[in-house]
Amino acid sequence: MEASLDQTLQEGKLVRQVNAMIVAYLRDNNLHQAAMAVASATMTPLATDAPANRLLELVAKGLAVERDESSRGVSAASAAGIPVLLGSMPVPTQAIDFSAMPDTKGSSKTFPKHETRHVSEHKNFARCARFSPDGRFVATGSSDTSIKLFEVSKMKQAVLAESRDGPVRPVIRTFYDHSQPINDLDFHPQSTVLISGAKDNTIKFFDFSKTVARRAFRVIQDTHNVRSVSFHPSGEYLLAGTDHPIPHLYDINTFKCYLTANAHDLSTKAAINQVRYSSTGSMYVTASKDGSVRVWDGVTAQCVRPIVGAHGLMEATSASFTKDQRFILSCGKDSTIKLWEVGTGRLLKQYLGAVHTQFRCQAVFNGTEEFILSIDESSNEVVIWDALTAEKVAIWPSNHVAAPRWIEHSPTEAAFVTCGNDRSVRFWKEIP
């Protein structure tokens, strides 16, 4: 039961030990500028007490083992039992070409049945949720200013009957460090770091490998309400969507903020509801309160594809790329979900029949991108469409007391979470 968490804790400990040895080696060999740079980049104390020559000793031993294992045809890494770091992802499935597939009514696929369970609740509205890149963890943020971290393996157990040892408790961490409601969350792509954006104008960094840590170890102070956050796939940068109309790009090592050079060309002063990087970081997309969806160059930070009025005069509440970066799925308070072609800005498909006019409703793909999931606020239901035919294929009661305000699908398996104004968090998994 504890294997997944224990592995993550060991990975975090190993990374910190390696970083400390690198800093100590550089510092004690009079490479002070390099030592300071690495210490800052890895958040390692410059005065670490790691032995100066320990790094060289381990490298020498590792090379000797590698030579020995190589001569016997065995991988040194596998022989040594080196763990896979957080963020390792399975090979993606072949992408769907939505532009080449016309709507074919009656040929929709069947969405598998799921079972669900209430797994926890906050003291106030549950406003957002995010899976880790490897699908092992989920974090939720609340109006009560808390963040809960769940272990997915325990959430699965909670869906099953109670164990003989009593109820399963999937919440493994609770963080308290914001003074205003949490708006969005994201996991670092390689390390055990979780970030949060909140109404208190801050982005906070939490290390969830440390069992006793309850507060952030780093803070970015923005000038606006931070509505959305997204890590670059490299983990070196992050984006913040705020009440300012331009995405804020931060270097996480220096905390320097960059704004696009063509900001004056944008004819909007609308806040950004959501910002998301593409899978390679070559682009990012924003969904704004003026109803527009905009595509930005990930290198130059220039707006390269404005889709003005994507949701009319109503707010665009979410936007995200497909895995192959060719399409964008957006959702708005006009009760529509739309699929756009990135290269042309052309509207390809609309997914209708679910009412969402009040909250920052999300529309998300399932893991294979064959289906789209969202919420109907008026009927308090989870609605699923076939992504290719745009037909509704399933409508399920949400099991929340009031309609959920957020839905998030796992990147690695047939499972998702919902959370909302009834304060509860529900986990959904496919029935085998």
# chains A, B, ... in the order shown; residues from 1 in each chain; ligands from 1

$ select_by_dssp --residues "range 176-231 of chain A" --states "strand (DSSP E)" --output "list of chain:residue names"
A:Tyr176, A:Ile182, A:Asn183, A:Asp184, A:Leu185, A:Asp186, A:Phe187, A:Val193, A:Leu194, A:Ile195, A:Ser196, A:Gly197, A:Ala198, A:Thr202, A:Ile203, A:Lys204, A:Phe205, A:Phe206, A:Asp207, A:Arg218, A:Val219, A:Ile220, A:Gln221, A:Val226, A:Arg227, A:Ser228, A:Val229, A:Ser230, A:Phe231

$ residues_around --residues "Val364 in chain A" --least-positions-apart "5" --cutoff "8 Å" --atoms "only C-alpha atoms" --output "PyMOL selection string"
chain A and resi 329+372-374+407-409

$ write_last_selection --atoms "N, CA and C atoms" --output "tab-separated table (two decimals), in the first residue's frame"
chain	number	residue	atom	x	y	z
A	329	LEU	N	-8.68	22.30	-27.40
A	329	LEU	CA	-10.03	22.10	-26.88
A	329	LEU	C	-10.33	23.24	-25.92
A	372	ILE	N	-14.49	13.31	-24.70
A	372	ILE	CA	-14.40	14.60	-24.02
A	372	ILE	C	-15.37	14.58	-22.85
A	373	LEU	N	-14.91	15.06	-21.70
A	373	LEU	CA	-15.71	15.07	-20.48
A	373	LEU	C	-15.91	16.50	-20.01
A	374	SER	N	-17.11	16.79	-19.51
A	374	SER	CA	-17.38	18.09	-18.91
A	374	SER	C	-18.56	17.96	-17.95
A	407	ILE	N	-13.36	19.33	-13.36
A	407	ILE	CA	-13.18	17.92	-13.71
A	407	ILE	C	-11.78	17.78	-14.31
A	408	GLU	N	-11.07	16.74	-13.92
A	408	GLU	CA	-9.69	16.54	-14.37
A	408	GLU	C	-9.45	15.06	-14.61
A	409	HIS	N	-8.95	14.73	-15.80
A	409	HIS	CA	-8.73	13.32	-16.15
A	409	HIS	C	-7.27	12.93	-15.93

$ residues_around --residues "Ala414 in chain A" --least-positions-apart "3" --cutoff "8 Å" --atoms "only C-alpha atoms" --output "MDAnalysis selection string"
chainID A and resid 366:367 409:410 429:430

$ closest_atom_pairs --of "range 255-372 of chain A" --to "range 223-245 of chain A" --cutoff "12 Å" --atoms "only C-alpha atoms" --output "CSV"
residue,atom,partner,partner_atom,distance
A:Phe255,CA,A:Tyr237,CA,9.1
A:Lys256,CA,A:Tyr237,CA,9.9
A:Cys257,CA,A:Leu239,CA,9.5
A:Tyr258,CA,A:Leu239,CA,9.7
A:Leu259,CA,A:Leu239,CA,10.4
A:Thr260,CA,A:Pro245,CA,10.9
A:Ala263,CA,A:Pro245,CA,8.7
A:His264,CA,A:Pro245,CA,10.6
A:Asp265,CA,A:Pro245,CA,11.7
A:Leu266,CA,A:Pro245,CA,8.6
A:Ser267,CA,A:Pro245,CA,9.6
A:Thr268,CA,A:Pro245,CA,6.7
A:Lys269,CA,A:Pro245,CA,5.2
A:Ala270,CA,A:Pro245,CA,5.2
A:Ala271,CA,A:Asp243,CA,4.1
A:Ile272,CA,A:Gly241,CA,5.1
A:Asn273,CA,A:Arg227,CA,5.8
A:Gln274,CA,A:Ser228,CA,5.1
A:Val275,CA,A:Gly241,CA,5.6
A:Arg276,CA,A:Ser230,CA,5.5
A:Tyr277,CA,A:His232,CA,6.3
A:Ser278,CA,A:Pro233,CA,8.3
A:Ser279,CA,A:Pro233,CA,6.8
A:Thr280,CA,A:Pro233,CA,6.2
A:Gly281,CA,A:His232,CA,5.7
A:Ser282,CA,A:His232,CA,9.2
A:Met283,CA,A:His232,CA,9.7
A:Tyr284,CA,A:Leu239,CA,8.8
A:Val285,CA,A:Gly241,CA,10.1
A:Thr286,CA,A:Gly241,CA,7.6
A:Ala287,CA,A:Gly241,CA,9.0
A:Ser288,CA,A:Pro245,CA,7.8
A:Lys289,CA,A:Pro245,CA,9.2
A:Asp290,CA,A:Pro245,CA,9.8
A:Ser292,CA,A:Pro245,CA,11.0
A:Val293,CA,A:Pro245,CA,11.7
A:Arg294,CA,A:Pro245,CA,10.9
A:Trp296,CA,A:Leu239,CA,11.5
A:Gly298,CA,A:His232,CA,9.0
A:Val299,CA,A:His232,CA,11.0
A:Ala301,CA,A:Leu239,CA,10.6
A:Cys303,CA,A:Pro245,CA,11.8
A:Thr317,CA,A:Arg227,CA,10.7
A:Ser318,CA,A:Ser228,CA,10.0
A:Ala319,CA,A:Ser228,CA,11.3
A:Ser320,CA,A:Ser230,CA,10.9
A:Arg360,CA,A:Arg227,CA,10.3

$ write_last_selection --atoms "C-alpha atoms" --output "PDB file, in the first residue's frame"
ATOM      1  CA  PHE A 255      12.007  34.489 -10.486  1.00  0.00           C
ATOM      2  CA  LYS A 256      12.455  37.027 -13.286  1.00  0.00           C
ATOM      3  CA  CYS A 257       9.166  37.776 -15.047  1.00  0.00           C
ATOM      4  CA  TYR A 258       8.955  38.162 -18.835  1.00  0.00           C
ATOM      5  CA  LEU A 259       6.108  39.742 -20.796  1.00  0.00           C
ATOM      6  CA  THR A 260       5.479  39.538 -24.523  1.00  0.00           C
ATOM      7  CA  ALA A 263       1.535  43.274 -25.688  1.00  0.00           C
ATOM      8  CA  HIS A 264       0.432  46.647 -27.046  1.00  0.00           C
ATOM      9  CA  ASP A 265      -0.963  44.921 -30.144  1.00  0.00           C
ATOM     10  CA  LEU A 266      -3.555  43.000 -28.128  1.00  0.00           C
ATOM     11  CA  SER A 267      -6.890  44.775 -28.112  1.00  0.00           C
ATOM     12  CA  THR A 268      -8.001  43.394 -24.757  1.00  0.00           C
ATOM     13  CA  LYS A 269      -7.760  44.107 -21.075  1.00  0.00           C
ATOM     14  CA  ALA A 270      -9.493  40.896 -20.082  1.00  0.00           C
ATOM     15  CA  ALA A 271      -8.180  38.597 -17.378  1.00  0.00           C
ATOM     16  CA  ILE A 272      -6.891  35.119 -18.234  1.00  0.00           C
ATOM     17  CA  ASN A 273      -8.921  32.218 -16.831  1.00  0.00           C
ATOM     18  CA  GLN A 274      -6.535  29.470 -17.879  1.00  0.00           C
ATOM     19  CA  VAL A 275      -3.068  29.009 -19.384  1.00  0.00           C
ATOM     20  CA  ARG A 276      -1.593  25.700 -20.518  1.00  0.00           C
ATOM     21  CA  TYR A 277       1.671  24.677 -22.220  1.00  0.00           C
ATOM     22  CA  SER A 278       1.715  22.276 -25.156  1.00  0.00           C
ATOM     23  CA  SER A 279       3.415  18.902 -24.683  1.00  0.00           C
ATOM     24  CA  THR A 280       6.808  20.157 -25.944  1.00  0.00           C
ATOM     25  CA  GLY A 281       6.576  23.704 -24.609  1.00  0.00           C
ATOM     26  CA  SER A 282       6.838  25.166 -28.107  1.00  0.00           C
ATOM     27  CA  MET A 283       3.460  26.873 -27.615  1.00  0.00           C
ATOM     28  CA  TYR A 284       1.022  27.824 -24.906  1.00  0.00           C
ATOM     29  CA  VAL A 285      -2.655  28.721 -24.983  1.00  0.00           C
ATOM     30  CA  THR A 286      -4.787  31.105 -22.942  1.00  0.00           C
ATOM     31  CA  ALA A 287      -8.547  31.259 -22.335  1.00  0.00           C
ATOM     32  CA  SER A 288      -9.709  34.757 -21.400  1.00  0.00           C
ATOM     33  CA  LYS A 289     -12.712  36.431 -19.817  1.00  0.00           C
ATOM     34  CA  ASP A 290     -13.414  38.295 -23.076  1.00  0.00           C
ATOM     35  CA  SER A 292     -11.065  34.718 -26.702  1.00  0.00           C
ATOM     36  CA  VAL A 293      -8.566  31.884 -27.039  1.00  0.00           C
ATOM     37  CA  ARG A 294      -4.996  32.835 -27.952  1.00  0.00           C
ATOM     38  CA  TRP A 296       1.456  32.001 -28.027  1.00  0.00           C
ATOM     39  CA  GLY A 298       6.729  29.306 -26.420  1.00  0.00           C
ATOM     40  CA  VAL A 299      10.113  30.826 -27.316  1.00  0.00           C
ATOM     41  CA  ALA A 301       6.225  34.812 -26.097  1.00  0.00           C
ATOM     42  CA  CYS A 303       0.750  35.900 -29.635  1.00  0.00           C
ATOM     43  CA  THR A 317     -13.000  29.172 -19.107  1.00  0.00           C
ATOM     44  CA  SER A 318     -10.525  26.499 -20.225  1.00  0.00           C
ATOM     45  CA  ALA A 319      -8.206  25.699 -23.130  1.00  0.00           C
ATOM     46  CA  SER A 320      -5.665  22.940 -23.684  1.00  0.00           C
ATOM     47  CA  ARG A 360     -14.853  28.147 -14.610  1.00  0.00           C
TER      48      ARG A 360
END

$ atom_distance --atom1 "CA of Leu160 in chain A" --atom2 "CA of Lys392 in chain A"
28.5 Å

$ residues_around --residues "Lys148 in chain A" --least-positions-apart "5" --cutoff "6 Å" --atoms "only C-alpha atoms" --output "ChimeraX atom specification"
/A:139-140,173-174

$ write_last_selection --atoms "all heavy atoms" --output "CSV table (one decimal), in the first residue's frame"
chain,number,residue,atom,x,y,z
A,139,ALA,N,-3.8,16.6,-6.7
A,139,ALA,CA,-3.9,17.7,-5.7
A,139,ALA,C,-5.2,18.5,-6.0
A,139,ALA,O,-5.6,18.7,-7.1
A,139,ALA,CB,-2.7,18.7,-5.9
A,140,THR,N,-5.8,18.9,-4.9
A,140,THR,CA,-7.0,19.8,-5.0
A,140,THR,C,-6.8,21.1,-4.2
A,140,THR,O,-6.1,21.0,-3.2
A,140,THR,CB,-8.2,19.0,-4.5
A,140,THR,OG1,-8.0,18.7,-3.1
A,140,THR,CG2,-8.5,17.8,-5.3
A,173,ARG,N,-1.0,14.5,2.2
A,173,ARG,CA,-0.4,15.8,2.7
A,173,ARG,C,-1.5,16.8,2.6
A,173,ARG,O,-2.4,16.8,1.8
A,173,ARG,CB,0.7,16.3,1.7
A,173,ARG,CG,1.9,15.4,1.6
A,173,ARG,CD,2.9,15.5,2.7
A,173,ARG,NE,4.0,14.7,2.4
A,173,ARG,CZ,4.1,13.4,2.5
A,173,ARG,NH1,3.1,12.7,3.0
A,173,ARG,NH2,5.2,12.7,2.2
A,174,THR,N,-1.5,17.8,3.5
A,174,THR,CA,-2.3,19.0,3.5
A,174,THR,C,-1.5,20.2,3.7
A,174,THR,O,-0.7,20.3,4.7
A,174,THR,CB,-3.5,18.9,4.5
A,174,THR,OG1,-4.2,17.7,4.3
A,174,THR,CG2,-4.4,20.1,4.4

$ residues_around --residues "Arg127 in chain A" --least-positions-apart "6" --cutoff "12 Å" --atoms "only C-alpha atoms" --output "ChimeraX atom specification"
/A:121,139-148,181-185,196-199,227-228,359-362,403-408,418-425

$ write_last_selection --atoms "C-alpha atoms" --output "PDB file, in the first residue's frame"
ATOM      1  CA  GLU A 121     -13.668  17.117   1.427  1.00  0.00           C
ATOM      2  CA  ALA A 139      -3.867  17.719  -5.733  1.00  0.00           C
ATOM      3  CA  THR A 140      -6.977  19.783  -4.995  1.00  0.00           C
ATOM      4  CA  GLY A 141      -7.249  23.433  -3.975  1.00  0.00           C
ATOM      5  CA  SER A 142     -10.004  25.125  -2.020  1.00  0.00           C
ATOM      6  CA  SER A 143     -11.587  28.404  -1.005  1.00  0.00           C
ATOM      7  CA  ASP A 144     -10.524  27.488   2.535  1.00  0.00           C
ATOM      8  CA  THR A 145      -6.935  28.206   1.282  1.00  0.00           C
ATOM      9  CA  SER A 146      -5.820  24.594   1.796  1.00  0.00           C
ATOM     10  CA  ILE A 147      -4.297  22.162  -0.699  1.00  0.00           C
ATOM     11  CA  LYS A 148      -4.815  18.424  -0.345  1.00  0.00           C
ATOM     12  CA  PRO A 181      -8.671  30.881  -2.224  1.00  0.00           C
ATOM     13  CA  ILE A 182      -6.633  28.575  -4.472  1.00  0.00           C
ATOM     14  CA  ASN A 183      -7.309  28.988  -8.205  1.00  0.00           C
ATOM     15  CA  ASP A 184      -5.056  26.422  -9.892  1.00  0.00           C
ATOM     16  CA  LEU A 185      -2.310  23.850  -9.341  1.00  0.00           C
ATOM     17  CA  SER A 196      -0.327  26.727  -6.571  1.00  0.00           C
ATOM     18  CA  GLY A 197      -1.741  30.021  -7.817  1.00  0.00           C
ATOM     19  CA  ALA A 198      -4.158  31.944  -5.635  1.00  0.00           C
ATOM     20  CA  LYS A 199      -6.196  35.101  -5.178  1.00  0.00           C
ATOM     21  CA  ARG A 227      -5.883  32.491 -11.859  1.00  0.00           C
ATOM     22  CA  SER A 228      -3.880  29.723 -13.547  1.00  0.00           C
ATOM     23  CA  PHE A 359     -18.277  28.514 -12.932  1.00  0.00           C
ATOM     24  CA  ARG A 360     -14.853  28.147 -14.610  1.00  0.00           C
ATOM     25  CA  CYS A 361     -16.045  24.928 -16.181  1.00  0.00           C
ATOM     26  CA  GLN A 362     -13.447  22.567 -17.653  1.00  0.00           C
ATOM     27  CA  ALA A 403     -22.790  20.623  -9.603  1.00  0.00           C
ATOM     28  CA  PRO A 404     -18.998  20.172  -9.638  1.00  0.00           C
ATOM     29  CA  ARG A 405     -16.962  23.142 -10.767  1.00  0.00           C
ATOM     30  CA  TRP A 406     -13.892  21.198 -11.914  1.00  0.00           C
ATOM     31  CA  ILE A 407     -13.177  17.921 -13.714  1.00  0.00           C
ATOM     32  CA  GLU A 408      -9.686  16.537 -14.367  1.00  0.00           C
ATOM     33  CA  THR A 418     -14.472  15.950  -9.798  1.00  0.00           C
ATOM     34  CA  CYS A 419     -14.770  18.586  -7.089  1.00  0.00           C
ATOM     35  CA  GLY A 420     -17.081  21.473  -6.367  1.00  0.00           C
ATOM     36  CA  ASN A 421     -19.153  23.723  -4.153  1.00  0.00           C
ATOM     37  CA  ASP A 422     -20.300  20.870  -1.924  1.00  0.00           C
ATOM     38  CA  ARG A 423     -16.640  20.884  -0.776  1.00  0.00           C
ATOM     39  CA  SER A 424     -16.191  17.236  -1.749  1.00  0.00           C
ATOM     40  CA  VAL A 425     -13.667  15.464  -3.948  1.00  0.00           C
TER      41      VAL A 425
END

$ closest_residue --among "A:Gly62, A:Gly345, A:Pro411, A:Gly135" --to "Thr368 in chain A" --atoms "only C-alpha atoms"
A:Pro411

$ residues_around --residues "Arg326 in chain A" --least-positions-apart "2" --cutoff "7 Å" --atoms "only C-alpha atoms" --output "PyMOL selection string"
chain A and resi 322+324+341-342

$ write_last_selection --atoms "N, CA and C atoms" --output "short mmCIF file (atom, residue, chain, number, x, y, z; two decimals), in the first residue's frame"
data_model
loop_
_atom_site.label_atom_id
_atom_site.label_comp_id
_atom_site.auth_asym_id
_atom_site.auth_seq_id
_atom_site.Cartn_x
_atom_site.Cartn_y
_atom_site.Cartn_z
N THR A 322 -4.14 19.22 -27.69
CA THR A 322 -4.06 17.77 -27.82
C THR A 322 -2.58 17.38 -27.69
N ASP A 324 -0.59 15.96 -29.71
CA ASP A 324 0.25 16.23 -30.88
C ASP A 324 0.34 17.73 -31.19
N GLU A 341 -8.34 24.08 -34.84
CA GLU A 341 -7.10 23.69 -35.50
C GLU A 341 -6.07 24.79 -35.25
N VAL A 342 -4.94 24.41 -34.68
CA VAL A 342 -3.93 25.41 -34.30
C VAL A 342 -3.37 26.13 -35.52
#

$ atom_distance --atom1 "CA of Ser108 in chain A" --atom2 "CA of Ala390 in chain A"
8.3 Å

$ closest_residue --among "A:Arg346, A:Leu149, A:Gly291, A:Phe187" --to "Asp134 in chain A" --atoms "only C-alpha atoms"
A:Phe187
